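First the structure, in the form of structure tokens, and then the observations on it.
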Amino acid sequence: MAELAEDYATAGFARRLGWGTRPAVLLVDPAVAYTSPDSPLHLRTGEVAVEAMSSLAESARAAGVPVIWTRVRFADASCAEAPLFAAKVPALRVFADGSEFAGFAPPLSPAPGELVVVKHYASAFAGTSLAAWLASHHIDTLVIGGFSTSGCVRASALDALQNGFRPMVVRDACADRDAGPHDANLFDLNAKYADVIDLPEARTELAARA
């Protein structure tokens, strides 16, 4: 991996975007579906990532930095709002309205007044008003954690960049079904689309904005 990283850097990849001046924390789909062993979407390291997400949220709140949440919600198990996505991934039915897996994974919970974005596709930006909300609040940096690294986190980080926001993906605050896709997607995000950082850096930078 070190040799590969050197090759990418020599070719001009993996430059740092750096932090802007007005960050927000974006927690992508931190749902029970990813932490419960009874769910088809269960991630073995999901609960560890939840702890890191909780720490991110606490740091942001202490600094007066906005915390934004996303959740997937479908009217019923047909997932008719996203038919092709559901055809590709039938397990999305766990996000049908009323499902025991659709809620936020404890101890995570939005505080009063925090934005909750309901979405039907992988990206937090797809079919939502998130970009407009961020622009209207003069946000320039998104500190991202959530589930899963190769899916909704990756899609949201890519769209953040494409919408003009600096994505800072917090390694400790993400999880995937296996270390392989987790590490590979973090490597690729860091090479092309985002800065991949660790939790201590994220907390330090958030505290500096207090």
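Chain labels run A, B, ... following the order of the structure tokens; each chain numbers its residues from 1, and ligands are numbered from 1 in the order shown.
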
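Residues in contact range of segment 93-104 of chain A, defined as at most 8 Å between only C-alpha atoms, with sequence neighbours fewer than 4 positions away removed, read Asp29, Pro30, Ala31, Val32, Ala33, Ser36, Ser39, Arg71, Val72, Arg73, Phe74, Ala75, Asp76, Ala77, Ser78, Cys79, Ala86, Leu108 and Ser109 of chain A.
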
Preceding selection exported with all heavy atoms as a CSV table (one decimal), in the first residue's frame:
```csv
chain,number,residue,atom,x,y,z
A,29,ASP,N,-26.5,8.2,7.2
A,29,ASP,CA,-27.3,6.9,7.5
A,29,ASP,C,-26.8,6.1,8.6
A,29,ASP,O,-26.6,4.9,8.5
A,29,ASP,CB,-27.3,6.1,6.2
A,29,ASP,CG,-27.9,6.7,5.0
A,29,ASP,OD1,-28.5,7.8,5.1
A,29,ASP,OD2,-27.7,6.2,3.9
A,30,PRO,N,-26.6,6.7,9.8
A,30,PRO,CA,-26.1,5.9,11.0
A,30,PRO,C,-27.3,5.1,11.6
A,30,PRO,O,-27.7,5.4,12.7
A,30,PRO,CB,-25.6,7.0,11.9
A,30,PRO,CG,-26.4,8.2,11.6
A,30,PRO,CD,-26.7,8.1,10.1
A,31,ALA,N,-27.8,4.1,10.8
A,31,ALA,CA,-29.0,3.4,11.2
A,31,ALA,C,-28.8,2.1,11.9
A,31,ALA,O,-27.7,1.5,11.8
A,31,ALA,CB,-29.8,3.2,9.9
A,32,VAL,N,-29.8,1.7,12.6
A,32,VAL,CA,-29.7,0.4,13.3
A,32,VAL,C,-29.5,-0.7,12.3
A,32,VAL,O,-28.9,-1.8,12.6
A,32,VAL,CB,-31.1,0.2,14.1
A,32,VAL,CG1,-31.1,-1.3,14.6
A,32,VAL,CG2,-31.2,1.2,15.2
A,33,ALA,N,-29.9,-0.5,11.0
A,33,ALA,CA,-29.7,-1.5,10.0
A,33,ALA,C,-28.3,-1.9,9.8
A,33,ALA,O,-28.0,-3.1,9.4
A,33,ALA,CB,-30.2,-1.0,8.6
A,36,SER,N,-27.2,-3.8,13.8
A,36,SER,CA,-27.9,-5.0,14.3
A,36,SER,C,-27.5,-6.3,13.6
A,36,SER,O,-27.6,-6.3,12.4
A,36,SER,CB,-29.5,-4.8,14.2
A,36,SER,OG,-30.1,-6.0,14.5
A,39,SER,N,-29.9,-7.7,10.9
A,39,SER,CA,-30.2,-7.0,9.7
A,39,SER,C,-29.3,-7.5,8.6
A,39,SER,O,-28.1,-7.8,8.8
A,39,SER,CB,-29.9,-5.5,9.9
A,39,SER,OG,-29.8,-4.8,8.6
A,71,ARG,N,-31.0,10.0,6.6
A,71,ARG,CA,-31.7,8.7,6.8
A,71,ARG,C,-32.4,8.3,5.5
A,71,ARG,O,-32.8,9.1,4.8
A,71,ARG,CB,-32.6,8.7,8.0
A,71,ARG,CG,-33.8,9.7,7.8
A,71,ARG,CD,-34.6,9.7,9.1
A,71,ARG,NE,-35.0,8.4,9.6
A,71,ARG,CZ,-35.5,8.2,10.8
A,71,ARG,NH1,-35.7,9.2,11.6
A,71,ARG,NH2,-35.8,7.0,11.2
A,72,VAL,N,-32.4,7.0,5.3
A,72,VAL,CA,-33.1,6.4,4.1
A,72,VAL,C,-34.5,6.0,4.6
A,72,VAL,O,-34.7,5.4,5.7
A,72,VAL,CB,-32.4,5.2,3.5
A,72,VAL,CG1,-33.2,4.7,2.4
A,72,VAL,CG2,-31.0,5.6,3.1
A,73,ARG,N,-35.5,6.4,3.9
A,73,ARG,CA,-36.9,6.1,4.3
A,73,ARG,C,-37.7,5.8,3.0
A,73,ARG,O,-37.8,6.7,2.1
A,73,ARG,CB,-37.5,7.2,5.1
A,73,ARG,CG,-39.0,6.8,5.6
A,73,ARG,CD,-39.6,8.0,6.3
A,73,ARG,NE,-38.9,8.3,7.5
A,73,ARG,CZ,-39.0,9.5,8.1
A,73,ARG,NH1,-39.6,10.5,7.5
A,73,ARG,NH2,-38.3,9.8,9.2
A,74,PHE,N,-38.4,4.7,3.0
A,74,PHE,CA,-39.3,4.3,1.9
A,74,PHE,C,-40.7,4.1,2.5
A,74,PHE,O,-40.9,3.7,3.6
A,74,PHE,CB,-38.9,3.1,1.2
A,74,PHE,CG,-37.5,3.2,0.5
A,74,PHE,CD1,-36.4,2.6,1.0
A,74,PHE,CD2,-37.4,4.0,-0.6
A,74,PHE,CE1,-35.2,2.7,0.4
A,74,PHE,CE2,-36.1,4.1,-1.2
A,74,PHE,CZ,-35.0,3.4,-0.7
A,75,ALA,N,-41.7,4.4,1.7
A,75,ALA,CA,-43.1,4.3,2.2
A,75,ALA,C,-43.5,2.9,2.6
A,75,ALA,O,-44.2,2.7,3.5
A,75,ALA,CB,-44.1,4.9,1.1
A,76,ASP,N,-43.0,1.9,1.8
A,76,ASP,CA,-43.2,0.5,2.2
A,76,ASP,C,-42.1,-0.3,1.6
A,76,ASP,O,-41.1,0.2,1.0
A,76,ASP,CB,-44.6,0.1,1.6
A,76,ASP,CG,-44.7,0.3,0.1
A,76,ASP,OD1,-43.8,0.0,-0.6
A,76,ASP,OD2,-45.8,0.8,-0.3
A,77,ALA,N,-42.2,-1.6,1.7
A,77,ALA,CA,-41.1,-2.5,1.4
A,77,ALA,C,-40.9,-2.6,-0.1
A,77,ALA,O,-39.9,-3.2,-0.6
A,77,ALA,CB,-41.4,-3.9,2.0
A,78,SER,N,-41.8,-2.1,-0.9
A,78,SER,CA,-41.5,-2.1,-2.4
A,78,SER,C,-40.4,-1.1,-2.8
A,78,SER,O,-39.8,-1.2,-3.9
A,78,SER,CB,-42.8,-1.7,-3.1
A,78,SER,OG,-43.1,-0.3,-3.0
A,79,CYS,N,-40.1,-0.2,-1.9
A,79,CYS,CA,-39.1,0.9,-2.2
A,79,CYS,C,-39.3,1.5,-3.5
A,79,CYS,O,-38.4,1.8,-4.3
A,79,CYS,CB,-37.7,0.3,-2.1
A,79,CYS,SG,-37.3,-0.6,-0.6
A,86,ALA,N,-33.5,-0.4,-5.6
A,86,ALA,CA,-34.1,-1.5,-4.8
A,86,ALA,C,-34.0,-2.8,-5.6
A,86,ALA,O,-33.8,-3.9,-5.0
A,86,ALA,CB,-35.5,-1.2,-4.5
A,108,LEU,N,-26.7,7.5,19.0
A,108,LEU,CA,-26.9,8.6,18.1
A,108,LEU,C,-28.3,9.0,17.9
A,108,LEU,O,-29.2,8.2,17.8
A,108,LEU,CB,-26.3,8.2,16.7
A,108,LEU,CG,-24.9,7.8,16.6
A,108,LEU,CD1,-24.5,7.3,15.2
A,108,LEU,CD2,-24.0,9.1,16.9
A,109,SER,N,-28.5,10.4,18.0
A,109,SER,CA,-29.8,10.9,17.8
A,109,SER,C,-29.7,12.4,17.5
A,109,SER,O,-28.9,13.1,18.2
A,109,SER,CB,-30.6,10.7,19.1
A,109,SER,OG,-31.9,11.3,19.0
```

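The spacing separating atom CA of Phe13 of chain A from atom CA of Ala191 of chain A amounts to 5.1 Å.
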
Please extract the residues of segment 9-53 of chain A with a backbone DSSP assignment of alpha helix (DSSP H) and present them as a short mmCIF file (atom, residue, chain, number, x, y, z; two decimals) with all heavy atoms, in the first residue's frame.
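Writing the result to states_11.cif gives the following:
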```
data_model
loop_
_atom_site.label_atom_id
_atom_site.label_comp_id
_atom_site.auth_asym_id
_atom_site.auth_seq_id
_atom_site.Cartn_x
_atom_site.Cartn_y
_atom_site.Cartn_z
N ALA A 9 0.99 9.56 -5.53
CA ALA A 9 1.47 10.90 -5.20
C ALA A 9 2.39 11.43 -6.30
O ALA A 9 2.32 12.61 -6.68
CB ALA A 9 2.20 10.88 -3.87
N THR A 10 3.23 10.56 -6.85
CA THR A 10 4.13 10.96 -7.93
C THR A 10 3.35 11.39 -9.17
O THR A 10 3.75 12.31 -9.89
CB THR A 10 5.09 9.81 -8.28
OG1 THR A 10 5.85 9.46 -7.13
CG2 THR A 10 6.04 10.20 -9.41
N GLY A 46 -19.56 -1.70 12.71
CA GLY A 46 -20.51 -0.60 12.75
C GLY A 46 -20.58 0.10 14.09
O GLY A 46 -20.64 1.33 14.16
N GLU A 47 -20.58 -0.65 15.18
CA GLU A 47 -20.72 -0.04 16.50
C GLU A 47 -19.49 0.80 16.86
O GLU A 47 -19.61 1.83 17.53
CB GLU A 47 -20.98 -1.11 17.55
CG GLU A 47 -22.36 -1.76 17.41
CD GLU A 47 -22.71 -2.65 18.58
OE1 GLU A 47 -21.89 -2.74 19.52
OE2 GLU A 47 -23.81 -3.22 18.57
N VAL A 48 -18.31 0.38 16.41
CA VAL A 48 -17.10 1.17 16.64
C VAL A 48 -17.21 2.51 15.92
O VAL A 48 -16.87 3.57 16.47
CB VAL A 48 -15.85 0.41 16.17
CG1 VAL A 48 -14.60 1.28 16.30
CG2 VAL A 48 -15.68 -0.88 16.97
N ALA A 49 -17.71 2.48 14.69
CA ALA A 49 -17.90 3.72 13.93
C ALA A 49 -18.94 4.61 14.58
O ALA A 49 -18.82 5.84 14.56
CB ALA A 49 -18.28 3.39 12.49
N VAL A 50 -19.99 4.01 15.16
CA VAL A 50 -21.01 4.79 15.86
C VAL A 50 -20.39 5.58 17.01
O VAL A 50 -20.73 6.75 17.24
CB VAL A 50 -22.14 3.87 16.36
CG1 VAL A 50 -22.97 4.56 17.44
CG2 VAL A 50 -23.04 3.46 15.21
N GLU A 51 -19.47 4.96 17.74
CA GLU A 51 -18.80 5.67 18.84
C GLU A 51 -18.04 6.88 18.31
O GLU A 51 -18.06 7.96 18.92
CB GLU A 51 -17.85 4.71 19.55
CG GLU A 51 -18.55 3.59 20.31
CD GLU A 51 -17.56 2.64 20.96
OE1 GLU A 51 -16.34 2.94 20.95
OE2 GLU A 51 -18.00 1.61 21.48
N ALA A 52 -17.36 6.70 17.17
CA ALA A 52 -16.62 7.82 16.58
C ALA A 52 -17.57 8.91 16.09
O ALA A 52 -17.29 10.11 16.24
CB ALA A 52 -15.73 7.32 15.44
N MET A 53 -18.70 8.50 15.49
CA MET A 53 -19.69 9.48 15.05
C MET A 53 -20.26 10.26 16.22
O MET A 53 -20.49 11.48 16.14
CB MET A 53 -20.80 8.79 14.26
CG MET A 53 -20.42 8.42 12.85
SD MET A 53 -21.83 7.78 11.91
CE MET A 53 -21.62 6.02 12.14
#
```

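One finds atom CA of Met168 of chain A at 21.8 Å from atom CA of Tyr34 of chain A.
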
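For the set A:Asp178, A:Asp7, A:Asp172, A:Glu58, the residue with the smallest atom-to-atom gap to Pro200 of chain A is A:Asp172, counting only C-alpha atoms.
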
Contacts of Leu189 of chain A at 9 Å or less, counting only C-alpha atoms, minus same-chain residues fewer than 6 places along, as a PyMOL selection string? chain A and resi 14+154+157-158+169+195-196

Same residues, C-alpha atoms, output as a PDB file, in the first residue's frame:
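File written: selection-v4.pdb
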```pdb
ATOM      1  CA  ALA A  14      -3.754  12.714  -3.120  1.00  0.00           C
ATOM      2  CA  ARG A 154     -18.408   7.538  -0.919  1.00  0.00           C
ATOM      3  CA  ALA A 157     -18.261  12.708  -0.447  1.00  0.00           C
ATOM      4  CA  LEU A 158     -18.026  12.689  -4.243  1.00  0.00           C
ATOM      5  CA  VAL A 169     -13.962  11.857   5.436  1.00  0.00           C
ATOM      6  CA  ASP A 195      -9.216  14.398   2.408  1.00  0.00           C
ATOM      7  CA  VAL A 196      -9.359  11.253   4.540  1.00  0.00           C
TER       8      VAL A 196
END
```

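When the distance limit is 10 Å and only C-alpha atoms are what count, the residues near Met1 of chain A, minus those fewer than 3 positions from it on the same chain, are A:Leu4, A:Ala5, A:Glu6, A:Asp7, A:Ala184, A:Phe187.
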
Export of the given selection (N, CA and C atoms) as an mmCIF file, in the first residue's frame:
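Contents of the output file again_24.cif:
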```
data_model
loop_
_atom_site.group_PDB
_atom_site.id
_atom_site.type_symbol
_atom_site.label_atom_id
_atom_site.label_comp_id
_atom_site.auth_asym_id
_atom_site.auth_seq_id
_atom_site.Cartn_x
_atom_site.Cartn_y
_atom_site.Cartn_z
ATOM 1 N N LEU A 4 2.058 1.844 -3.477
ATOM 2 C CA LEU A 4 0.965 2.356 -4.297
ATOM 3 C C LEU A 4 0.698 3.830 -3.991
ATOM 4 N N ALA A 5 0.713 4.184 -2.724
ATOM 5 C CA ALA A 5 0.493 5.574 -2.337
ATOM 6 C C ALA A 5 1.577 6.480 -2.927
ATOM 7 N N GLU A 6 2.808 5.998 -2.931
ATOM 8 C CA GLU A 6 3.900 6.782 -3.507
ATOM 9 C C GLU A 6 3.705 6.963 -5.005
ATOM 10 N N ASP A 7 3.252 5.889 -5.679
ATOM 11 C CA ASP A 7 2.995 5.970 -7.117
ATOM 12 C C ASP A 7 1.905 7.001 -7.417
ATOM 13 N N ALA A 184 -10.020 0.207 0.554
ATOM 14 C CA ALA A 184 -9.853 0.561 -0.859
ATOM 15 C C ALA A 184 -10.590 1.843 -1.201
ATOM 16 N N PHE A 187 -8.837 4.860 0.333
ATOM 17 C CA PHE A 187 -7.651 5.176 -0.461
ATOM 18 C C PHE A 187 -8.039 5.956 -1.712
#
```
